[in-house]
$ cat start07.cif   # mmCIF, C-alpha atoms, pLDDT in the B column; chains and numbers go by the auth columns
data_run
loop_
_atom_site.group_PDB
_atom_site.id
_atom_site.type_symbol
_atom_site.label_atom_id
_atom_site.label_comp_id
_atom_site.label_asym_id
_atom_site.label_seq_id
_atom_site.Cartn_x
_atom_site.Cartn_y
_atom_site.Cartn_z
_atom_site.B_iso_or_equiv
_atom_site.auth_seq_id
_atom_site.auth_asym_id
ATOM 1 C CA MET A 1 54.027 18.188 -2.379 43.00 1 V
ATOM 2 C CA SER A 2 51.263 17.334 -4.822 44.00 2 V
ATOM 3 C CA SER A 3 50.771 19.346 -7.987 42.00 3 V
ATOM 4 C CA PRO A 4 47.739 21.685 -8.317 49.00 4 V
ATOM 5 C CA ALA A 5 44.440 20.193 -9.450 49.00 5 V
ATOM 6 C CA ARG A 6 43.774 20.662 -13.158 51.00 6 V
ATOM 7 C CA LYS A 7 41.096 20.093 -15.745 50.00 7 V
ATOM 8 C CA ASP A 8 41.136 17.086 -18.040 51.00 8 V
ATOM 9 C CA LEU A 9 44.592 16.887 -19.633 42.00 9 V
ATOM 10 C CA ALA A 10 42.938 16.748 -23.056 46.00 10 V
ATOM 11 C CA ASP A 11 41.971 20.389 -22.588 67.00 11 V
ATOM 12 C CA MET A 12 45.126 22.425 -23.052 88.00 12 V
ATOM 13 C CA SER A 13 43.660 25.676 -21.723 95.00 13 V
ATOM 14 C CA GLY A 14 45.122 27.077 -18.544 97.00 14 V
ATOM 15 C CA VAL A 15 43.448 27.234 -15.148 98.00 15 V
ATOM 16 C CA LEU A 16 42.587 30.335 -13.136 98.00 16 V
ATOM 17 C CA TYR A 17 43.353 29.712 -9.460 98.00 17 V
ATOM 18 C CA VAL A 18 41.664 32.091 -7.005 98.00 18 V
ATOM 19 C CA VAL A 19 44.172 32.027 -4.146 98.00 19 V
ATOM 20 C CA ALA A 20 43.576 33.233 -0.590 97.00 20 V
ATOM 21 C CA THR A 21 46.598 34.888 1.018 97.00 21 V
ATOM 22 C CA PRO A 22 47.355 35.883 4.637 97.00 22 V
ATOM 23 C CA ILE A 23 45.423 38.802 6.112 96.00 23 V
ATOM 24 C CA GLY A 24 48.395 39.760 8.279 93.00 24 V
ATOM 25 C CA ASN A 25 50.510 36.930 9.619 95.00 25 V
ATOM 26 C CA LEU A 26 52.465 35.479 6.695 94.00 26 V
ATOM 27 C CA GLU A 27 52.658 32.109 8.463 94.00 27 V
ATOM 28 C CA ASP A 28 48.965 31.647 7.676 96.00 28 V
ATOM 29 C CA VAL A 29 49.721 30.970 4.002 97.00 29 V
ATOM 30 C CA THR A 30 48.732 27.408 3.117 97.00 30 V
ATOM 31 C CA ARG A 31 51.083 24.846 1.607 97.00 31 V
ATOM 32 C CA ARG A 32 48.728 24.519 -1.342 98.00 32 V
ATOM 33 C CA ALA A 33 48.789 28.282 -1.933 98.00 33 V
ATOM 34 C CA VAL A 34 52.591 28.200 -2.038 97.00 34 V
ATOM 35 C CA ASP A 35 52.461 25.259 -4.433 97.00 35 V
ATOM 36 C CA VAL A 36 50.055 27.007 -6.784 98.00 36 V
ATOM 37 C CA LEU A 37 51.794 30.392 -6.674 98.00 37 V
ATOM 38 C CA SER A 38 55.115 28.766 -7.513 97.00 38 V
ATOM 39 C CA SER A 39 53.685 26.782 -10.430 97.00 39 V
ATOM 40 C CA VAL A 40 51.607 29.306 -12.384 98.00 40 V
ATOM 41 C CA ALA A 41 52.912 31.408 -15.265 97.00 41 V
ATOM 42 C CA MET A 42 51.340 34.648 -14.031 97.00 42 V
ATOM 43 C CA ILE A 43 49.929 36.134 -10.833 98.00 43 V
ATOM 44 C CA ALA A 44 47.257 38.840 -11.081 98.00 44 V
ATOM 45 C CA ALA A 45 47.377 41.100 -8.015 96.00 45 V
ATOM 46 C CA LYS A 46 45.620 44.242 -6.855 94.00 46 V
ATOM 47 C CA ASP A 47 48.944 45.708 -5.675 94.00 47 V
ATOM 48 C CA THR A 48 51.985 43.980 -7.157 96.00 48 V
ATOM 49 C CA ARG A 49 54.285 45.602 -4.584 95.00 49 V
ATOM 50 C CA ARG A 50 52.447 44.016 -1.660 94.00 50 V
ATOM 51 C CA THR A 51 52.195 40.681 -3.413 96.00 51 V
ATOM 52 C CA ARG A 52 55.928 40.764 -4.142 96.00 52 V
ATOM 53 C CA VAL A 53 56.569 41.026 -0.379 95.00 53 V
ATOM 54 C CA LEU A 54 54.542 37.855 0.161 96.00 54 V
ATOM 55 C CA LEU A 55 56.254 36.017 -2.671 97.00 55 V
ATOM 56 C CA GLU A 56 59.689 36.908 -1.331 96.00 56 V
ATOM 57 C CA ALA A 57 58.677 35.689 2.131 95.00 57 V
ATOM 58 C CA ILE A 58 57.548 32.283 0.827 95.00 58 V
ATOM 59 C CA GLY A 59 60.404 31.914 -1.642 96.00 59 V
ATOM 60 C CA VAL A 60 58.446 32.189 -4.893 96.00 60 V
ATOM 61 C CA THR A 61 60.352 33.928 -7.685 92.00 61 V
ATOM 62 C CA GLY A 62 59.181 32.487 -11.006 87.00 62 V
ATOM 63 C CA PRO A 63 55.761 33.848 -12.041 92.00 63 V
ATOM 64 C CA ARG A 64 55.280 37.187 -13.742 95.00 64 V
ATOM 65 C CA LEU A 65 53.203 39.701 -11.758 97.00 65 V
ATOM 66 C CA ILE A 66 50.466 41.691 -13.468 96.00 66 V
ATOM 67 C CA ALA A 67 48.291 44.382 -11.863 96.00 67 V
ATOM 68 C CA LEU A 68 44.546 43.843 -11.769 96.00 68 V
ATOM 69 C CA HIS A 69 42.658 46.594 -9.953 94.00 69 V
ATOM 70 C CA SER A 70 39.479 48.624 -10.246 89.00 70 V
ATOM 71 C CA HIS A 71 40.970 50.988 -12.830 92.00 71 V
ATOM 72 C CA ASN A 72 42.193 48.365 -15.309 94.00 72 V
ATOM 73 C CA GLU A 73 40.118 45.262 -14.586 94.00 73 V
ATOM 74 C CA PRO A 74 38.308 45.005 -17.973 94.00 74 V
ATOM 75 C CA ALA A 75 41.497 45.302 -20.036 95.00 75 V
ATOM 76 C CA ALA A 76 43.573 43.170 -17.668 96.00 76 V
ATOM 77 C CA SER A 77 40.884 40.483 -17.615 96.00 77 V
ATOM 78 C CA LEU A 78 40.841 40.327 -21.402 96.00 78 V
ATOM 79 C CA ALA A 79 44.624 39.917 -21.537 96.00 79 V
ATOM 80 C CA LEU A 80 44.578 37.227 -18.860 97.00 80 V
ATOM 81 C CA VAL A 81 41.814 35.274 -20.591 98.00 81 V
ATOM 82 C CA GLU A 82 43.970 35.218 -23.721 97.00 82 V
ATOM 83 C CA ARG A 83 46.890 33.844 -21.714 97.00 83 V
ATOM 84 C CA LEU A 84 44.665 31.197 -20.181 98.00 84 V
ATOM 85 C CA GLN A 85 43.372 30.215 -23.597 97.00 85 V
ATOM 86 C CA SER A 86 46.956 29.823 -24.772 96.00 86 V
ATOM 87 C CA GLY A 87 47.605 27.309 -21.992 97.00 87 V
ATOM 88 C CA ASP A 88 49.110 29.399 -19.196 97.00 88 V
ATOM 89 C CA ASP A 89 47.902 28.904 -15.637 98.00 89 V
ATOM 90 C CA VAL A 90 47.136 32.118 -13.737 98.00 90 V
ATOM 91 C CA ALA A 91 46.682 32.854 -10.030 98.00 91 V
ATOM 92 C CA LEU A 92 44.439 35.674 -8.803 98.00 92 V
ATOM 93 C CA VAL A 93 45.288 37.159 -5.396 97.00 93 V
ATOM 94 C CA SER A 94 44.182 40.179 -3.391 94.00 94 V
ATOM 95 C CA ASP A 95 46.318 42.258 -1.052 93.00 95 V
ATOM 96 C CA ALA A 96 45.127 40.080 1.819 93.00 96 V
ATOM 97 C CA GLY A 97 42.551 37.371 2.348 94.00 97 V
ATOM 98 C CA THR A 98 40.242 35.808 -0.218 94.00 98 V
ATOM 99 C CA PRO A 99 39.909 37.573 -3.600 93.00 99 V
ATOM 100 C CA LEU A 100 36.627 39.146 -4.768 90.00 100 V
ATOM 101 C CA LEU A 101 35.458 39.968 -1.216 86.00 101 V
ATOM 102 C CA SER A 102 35.517 43.778 -1.504 85.00 102 V
ATOM 103 C CA ASP A 103 38.399 43.385 -3.952 89.00 103 V
ATOM 104 C CA PRO A 104 38.749 43.253 -7.752 91.00 104 V
ATOM 105 C CA GLY A 105 38.578 39.993 -9.685 95.00 105 V
ATOM 106 C CA PHE A 106 34.909 39.445 -10.465 95.00 106 V
ATOM 107 C CA GLU A 107 35.242 40.530 -14.092 95.00 107 V
ATOM 108 C CA LEU A 108 38.076 38.059 -14.619 97.00 108 V
ATOM 109 C CA VAL A 109 36.214 35.179 -12.982 97.00 109 V
ATOM 110 C CA ARG A 110 33.058 35.927 -14.963 96.00 110 V
ATOM 111 C CA ALA A 111 35.026 36.151 -18.218 97.00 111 V
ATOM 112 C CA CYS A 112 36.640 32.779 -17.533 97.00 112 V
ATOM 113 C CA TRP A 113 33.252 31.155 -16.975 97.00 113 V
ATOM 114 C CA ALA A 114 31.946 32.762 -20.172 97.00 114 V
ATOM 115 C CA GLN A 115 34.857 31.293 -22.135 96.00 115 V
ATOM 116 C CA GLY A 116 34.573 27.830 -20.582 96.00 116 V
ATOM 117 C CA LEU A 117 37.865 28.151 -18.694 97.00 117 V
ATOM 118 C CA ALA A 118 38.431 26.343 -15.406 97.00 118 V
ATOM 119 C CA VAL A 119 38.250 28.458 -12.240 98.00 119 V
ATOM 120 C CA ILE A 120 39.516 26.714 -9.096 98.00 120 V
ATOM 121 C CA PRO A 121 39.517 28.143 -5.553 98.00 121 V
ATOM 122 C CA VAL A 122 42.505 27.722 -3.267 98.00 122 V
ATOM 123 C CA PRO A 123 40.850 28.431 0.107 97.00 123 V
ATOM 124 C CA GLY A 124 42.593 30.024 3.027 96.00 124 V
ATOM 125 C CA PRO A 125 42.514 33.144 5.202 95.00 125 V
ATOM 126 C CA SER A 126 39.394 35.313 5.262 94.00 126 V
ATOM 127 C CA ALA A 127 38.902 38.294 7.553 94.00 127 V
ATOM 128 C CA VAL A 128 35.134 37.765 7.477 95.00 128 V
ATOM 129 C CA ILE A 129 35.263 34.161 8.659 94.00 129 V
ATOM 130 C CA ALA A 130 38.062 34.892 11.118 95.00 130 V
ATOM 131 C CA VAL A 131 36.105 37.548 13.014 95.00 131 V
ATOM 132 C CA LEU A 132 32.910 35.481 13.001 95.00 132 V
ATOM 133 C CA SER A 133 34.800 32.543 14.501 95.00 133 V
ATOM 134 C CA VAL A 134 35.599 34.520 17.664 94.00 134 V
ATOM 135 C CA ALA A 135 32.404 36.585 17.906 94.00 135 V
ATOM 136 C CA PRO A 136 30.131 35.901 20.919 93.00 136 V
ATOM 137 C CA ILE A 137 27.031 36.195 18.754 91.00 137 V
ATOM 138 C CA PRO A 138 24.968 33.649 16.797 91.00 138 V
ATOM 139 C CA CYS A 139 26.423 33.573 13.271 90.00 139 V
ATOM 140 C CA GLY A 140 24.895 30.501 11.673 91.00 140 V
ATOM 141 C CA ARG A 141 23.374 32.999 9.258 94.00 141 V
ATOM 142 C CA PHE A 142 25.100 36.260 8.419 95.00 142 V
ATOM 143 C CA HIS A 143 25.175 39.035 5.836 96.00 143 V
ATOM 144 C CA PHE A 144 28.451 40.400 4.487 96.00 144 V
ATOM 145 C CA ASP A 145 28.234 43.994 3.259 95.00 145 V
ATOM 146 C CA GLY A 146 31.829 44.937 2.380 93.00 146 V
ATOM 147 C CA PHE A 147 32.861 48.547 3.013 94.00 147 V
ATOM 148 C CA LEU A 148 30.255 51.004 4.256 95.00 148 V
ATOM 149 C CA PRO A 149 29.692 54.269 2.335 95.00 149 V
ATOM 150 C CA SER A 150 32.298 56.883 3.253 93.00 150 V
ATOM 151 C CA ARG A 151 29.851 59.793 3.616 95.00 151 V
ATOM 152 C CA PRO A 152 28.058 59.978 6.995 95.00 152 V
ATOM 153 C CA THR A 153 24.544 60.400 5.599 96.00 153 V
ATOM 154 C CA GLN A 154 24.825 57.417 3.254 97.00 154 V
ATOM 155 C CA ARG A 155 26.525 55.396 5.978 96.00 155 V
ATOM 156 C CA ARG A 156 23.647 55.944 8.391 96.00 156 V
ATOM 157 C CA GLU A 157 21.131 55.008 5.709 97.00 157 V
ATOM 158 C CA ARG A 158 23.038 51.795 5.003 96.00 158 V
ATOM 159 C CA LEU A 159 23.351 50.897 8.687 96.00 159 V
ATOM 160 C CA SER A 160 19.605 51.399 9.162 95.00 160 V
ATOM 161 C CA ALA A 161 18.916 49.019 6.289 95.00 161 V
ATOM 162 C CA LEU A 162 21.359 46.439 7.643 95.00 162 V
ATOM 163 C CA ALA A 163 19.819 46.614 11.121 91.00 163 V
ATOM 164 C CA ALA A 164 16.493 45.505 9.663 92.00 164 V
ATOM 165 C CA LEU A 165 17.931 42.234 8.359 92.00 165 V
ATOM 166 C CA GLY A 166 17.678 40.443 11.684 87.00 166 V
ATOM 167 C CA THR A 167 20.894 38.446 11.214 92.00 167 V
ATOM 168 C CA ALA A 168 24.545 38.916 12.068 94.00 168 V
ATOM 169 C CA VAL A 169 26.100 41.536 9.779 96.00 169 V
ATOM 170 C CA VAL A 170 29.784 41.817 8.867 97.00 170 V
ATOM 171 C CA PHE A 171 31.249 44.893 7.222 96.00 171 V
ATOM 172 C CA PHE A 172 34.607 46.622 6.801 95.00 172 V
ATOM 173 C CA GLU A 173 35.385 50.144 7.966 95.00 173 V
ATOM 174 C CA ALA A 174 38.447 52.341 7.538 93.00 174 V
ATOM 175 C CA PRO A 175 40.285 53.252 10.781 93.00 175 V
ATOM 176 C CA HIS A 176 39.817 57.014 10.319 94.00 176 V
ATOM 177 C CA ARG A 177 36.026 56.561 10.007 95.00 177 V
ATOM 178 C CA MET A 178 35.639 54.134 12.897 94.00 178 V
ATOM 179 C CA ALA A 179 34.673 56.682 15.571 95.00 179 V
ATOM 180 C CA GLY A 180 31.871 58.110 13.453 96.00 180 V
ATOM 181 C CA CYS A 181 30.652 54.632 12.572 96.00 181 V
ATOM 182 C CA LEU A 182 30.506 53.619 16.246 94.00 182 V
ATOM 183 C CA ASP A 183 28.555 56.765 17.093 95.00 183 V
ATOM 184 C CA ASP A 184 26.058 55.936 14.355 95.00 184 V
ATOM 185 C CA LEU A 185 25.681 52.366 15.586 94.00 185 V
ATOM 186 C CA ALA A 186 25.076 53.537 19.157 92.00 186 V
ATOM 187 C CA ALA A 187 22.323 55.852 17.962 94.00 187 V
ATOM 188 C CA LEU A 188 20.686 53.547 15.423 93.00 188 V
ATOM 189 C CA VAL A 189 20.916 50.077 16.971 90.00 189 V
ATOM 190 C CA PRO A 190 21.548 50.438 20.726 89.00 190 V
ATOM 191 C CA GLU A 191 20.217 46.924 21.393 88.00 191 V
ATOM 192 C CA ARG A 192 22.594 45.100 19.024 89.00 192 V
ATOM 193 C CA ARG A 193 25.801 43.436 20.195 91.00 193 V
ATOM 194 C CA LEU A 194 28.861 44.796 18.461 93.00 194 V
ATOM 195 C CA VAL A 195 32.128 42.953 17.807 95.00 195 V
ATOM 196 C CA VAL A 196 35.133 44.852 16.490 96.00 196 V
ATOM 197 C CA GLY A 197 38.251 43.172 15.150 96.00 197 V
ATOM 198 C CA ARG A 198 41.334 45.232 14.296 95.00 198 V
ATOM 199 C CA GLU A 199 44.857 44.382 13.139 95.00 199 V
ATOM 200 C CA MET A 200 43.665 40.797 12.768 96.00 200 V
ATOM 201 C CA THR A 201 46.428 38.140 12.944 96.00 201 V
ATOM 202 C CA LYS A 202 49.028 40.906 13.341 95.00 202 V
ATOM 203 C CA ARG A 203 51.161 41.788 16.352 93.00 203 V
ATOM 204 C CA HIS A 204 48.649 44.231 17.848 94.00 204 V
ATOM 205 C CA GLU A 205 45.435 42.399 16.968 96.00 205 V
ATOM 206 C CA GLN A 206 42.475 43.206 19.183 96.00 206 V
ATOM 207 C CA TYR A 207 38.866 42.109 19.521 95.00 207 V
ATOM 208 C CA LEU A 208 36.194 43.978 21.454 94.00 208 V
ATOM 209 C CA SER A 209 32.611 42.945 22.130 92.00 209 V
ATOM 210 C CA LEU A 210 30.141 45.513 23.355 77.00 210 V
ATOM 211 C CA ILE A 211 26.439 46.043 23.913 62.00 211 V
ATOM 212 C CA HIS A 212 25.748 49.755 23.509 47.00 212 V
#
$ encode --input "start07.cif" --output "structure tokens"
Amino acid sequence: MSSPARKDLADMSGVLYVVATPIGNLEDVTRRAVDVLSSVAMIAAKDTRRTRVLLEAIGVTGPRLIALHSHNEPAASLALVERLQSGDDVALVSDAGTPLLSDPGFELVRACWAQGLAVIPVPGPSAVIAVLSVAPIPCGRFHFDGFLPSRPTQRRERLSALAALGTAVVFFEAPHRMAGCLDDLAALVPERRLVVGREMTKRHEQYLSLIH
């Protein structure tokens, strides 16, 4: 297996790899992701316990795990930049899918760019792209909006704004708020086709397509 891509060898700074991980089925991890995760000095993860499960499944035991989440991102990013500047390679992962999409990591990526450090993507699973690939709607242009507001009033306001965009819209919603969200969609945009994906790539995955 080939070694990870690097900057010019004359530059002894480390590389930040932004690594996509499986969204459910662990067999979706790419060979390159395994290669990178096994070669870096440190792995920054939103939840180190969940990442440790993945690492055990793919046989990676070497790198040190460090937490990087919404509560410690500024301090953790500063520490990681220092490690990168000292020559260590670092991988950034989320709990599932591609980092930075409704997950922490932006502060670290921005800090690396500000310091002239290499940031390299290791593409792979993405819930957004996965659901669009099976949706019976035109998705040549789409808007990704992350998680909707948790409060009903703000959620309805956001859905009304999204409906005015005129393109396919992808967003995340928590299971316990799904019924209320569907009721809002039926009332606000009865003419729009809706595609719901749940438990994606897992044993009980399901996709529904409805016109209200």
$ resolve_selection --input "start07.cif" --expression "the PyMOL selection byres ((chain V and resi 180) around 12)" --output "PyMOL selection string"
chain V and resi 148-153+155-156+173-179+181-187
$ closest_residue --input "start07.cif" --among "V:Leu84, V:Ala67, V:Leu165, V:Leu210" --to "V:Arg49" --atoms "all atoms listed in the file"
V:Ala67
$ closest_residue --input "start07.cif" --among "V:Leu100, V:Val60, V:Met42, V:Val109" --to "V:Pro74" --atoms "all atoms listed in the file"
V:Val109
$ resolve_selection --input "start07.cif" --expression "the PyMOL selection byres ((chain V and resi 103) around 12)" --output "MDAnalysis selection string"
chainID V and resid 20 45:47 68:71 73 92:102 104:108 146:147 172
$ atom_distance --input "start07.cif" --atom1 "atom CA of V:Glu191" --atom2 "atom CA of V:Gln154"
21.5 Å
$ axis_aligned_box --input "start07.cif" --around "stretch 115-127 of chain V" --padding-each-side "6 Å" --output "lines of an AutoDock Vina configuration file"
center_x = 38.6
center_y = 32.3
center_z = -7.3
size_x = 20.0
size_y = 24.0
size_z = 41.7
$ resolve_selection --input "start07.cif" --expression "the PyMOL selection byres ((chain V and resi 24) around 8)" --output "PyMOL selection string"
chain V and resi 22-23+25-26+96+199-202
$ closest_residue --input "start07.cif" --among "V:Leu208, V:Val189, V:Val19, V:Leu65" --to "V:Val34" --atoms "only C-alpha atoms"
V:Val19
$ closest_residue --input "start07.cif" --among "V:Arg203, V:Arg193, V:Arg158, V:Arg198" --to "V:Ala135" --atoms "only C-alpha atoms"
V:Arg193
$ atom_distance --input "start07.cif" --atom1 "atom CA of V:Asp89" --atom2 "atom CA of V:Ser39"
8.1 Å
$ closest_residue --input "start07.cif" --among "V:Leu78, V:Leu188, V:Val40, V:Ile137" --to "V:Ser160" --atoms "all atoms listed in the file"
V:Leu188
$ build_atoms --input "start07.cif" --residues "stretch 150-163 of chain V" --atoms "N, CA, C and O atoms" --output "compact mmCIF listing (two decimals), in the coordinates of the input"
# COMPACT_ATOMS: atom_id res chain seq x y z
N SER V 150 31.38 56.00 2.52
CA SER V 150 32.30 56.88 3.25
C SER V 150 31.61 58.13 3.80
O SER V 150 32.05 58.68 4.81
N ARG V 151 30.53 58.58 3.16
CA ARG V 151 29.85 59.79 3.62
C ARG V 151 28.88 59.45 4.75
O ARG V 151 28.15 58.48 4.68
N PRO V 152 28.87 60.28 5.81
CA PRO V 152 28.06 59.98 7.00
C PRO V 152 26.58 59.73 6.71
O PRO V 152 25.99 58.80 7.27
N THR V 153 25.98 60.56 5.86
CA THR V 153 24.54 60.40 5.60
C THR V 153 24.26 59.06 4.95
O THR V 153 23.35 58.33 5.37
N GLN V 154 25.02 58.71 3.93
CA GLN V 154 24.82 57.42 3.25
C GLN V 154 25.16 56.24 4.17
O GLN V 154 24.53 55.19 4.11
N ARG V 155 26.16 56.46 5.04
CA ARG V 155 26.52 55.40 5.98
C ARG V 155 25.38 55.10 6.94
O ARG V 155 25.05 53.94 7.20
N ARG V 156 24.77 56.14 7.47
CA ARG V 156 23.65 55.94 8.39
C ARG V 156 22.47 55.27 7.69
O ARG V 156 21.79 54.41 8.28
N GLU V 157 22.21 55.66 6.47
CA GLU V 157 21.13 55.01 5.71
C GLU V 157 21.42 53.52 5.52
O GLU V 157 20.53 52.68 5.66
N ARG V 158 22.68 53.20 5.22
CA ARG V 158 23.04 51.80 5.00
C ARG V 158 22.95 51.01 6.31
O ARG V 158 22.46 49.88 6.34
N LEU V 159 23.42 51.59 7.39
CA LEU V 159 23.35 50.90 8.69
C LEU V 159 21.90 50.65 9.10
O LEU V 159 21.58 49.60 9.67
N SER V 160 21.02 51.59 8.84
CA SER V 160 19.60 51.40 9.16
C SER V 160 19.03 50.23 8.38
O SER V 160 18.26 49.42 8.91
N ALA V 161 19.40 50.13 7.11
CA ALA V 161 18.92 49.02 6.29
C ALA V 161 19.48 47.69 6.78
O ALA V 161 18.76 46.68 6.84
N LEU V 162 20.74 47.68 7.16
CA LEU V 162 21.36 46.44 7.64
C LEU V 162 20.75 45.99 8.97
O LEU V 162 20.59 44.79 9.22
N ALA V 163 20.40 46.95 9.82
CA ALA V 163 19.82 46.61 11.12
C ALA V 163 18.50 45.89 10.97
O ALA V 163 18.09 45.12 11.85
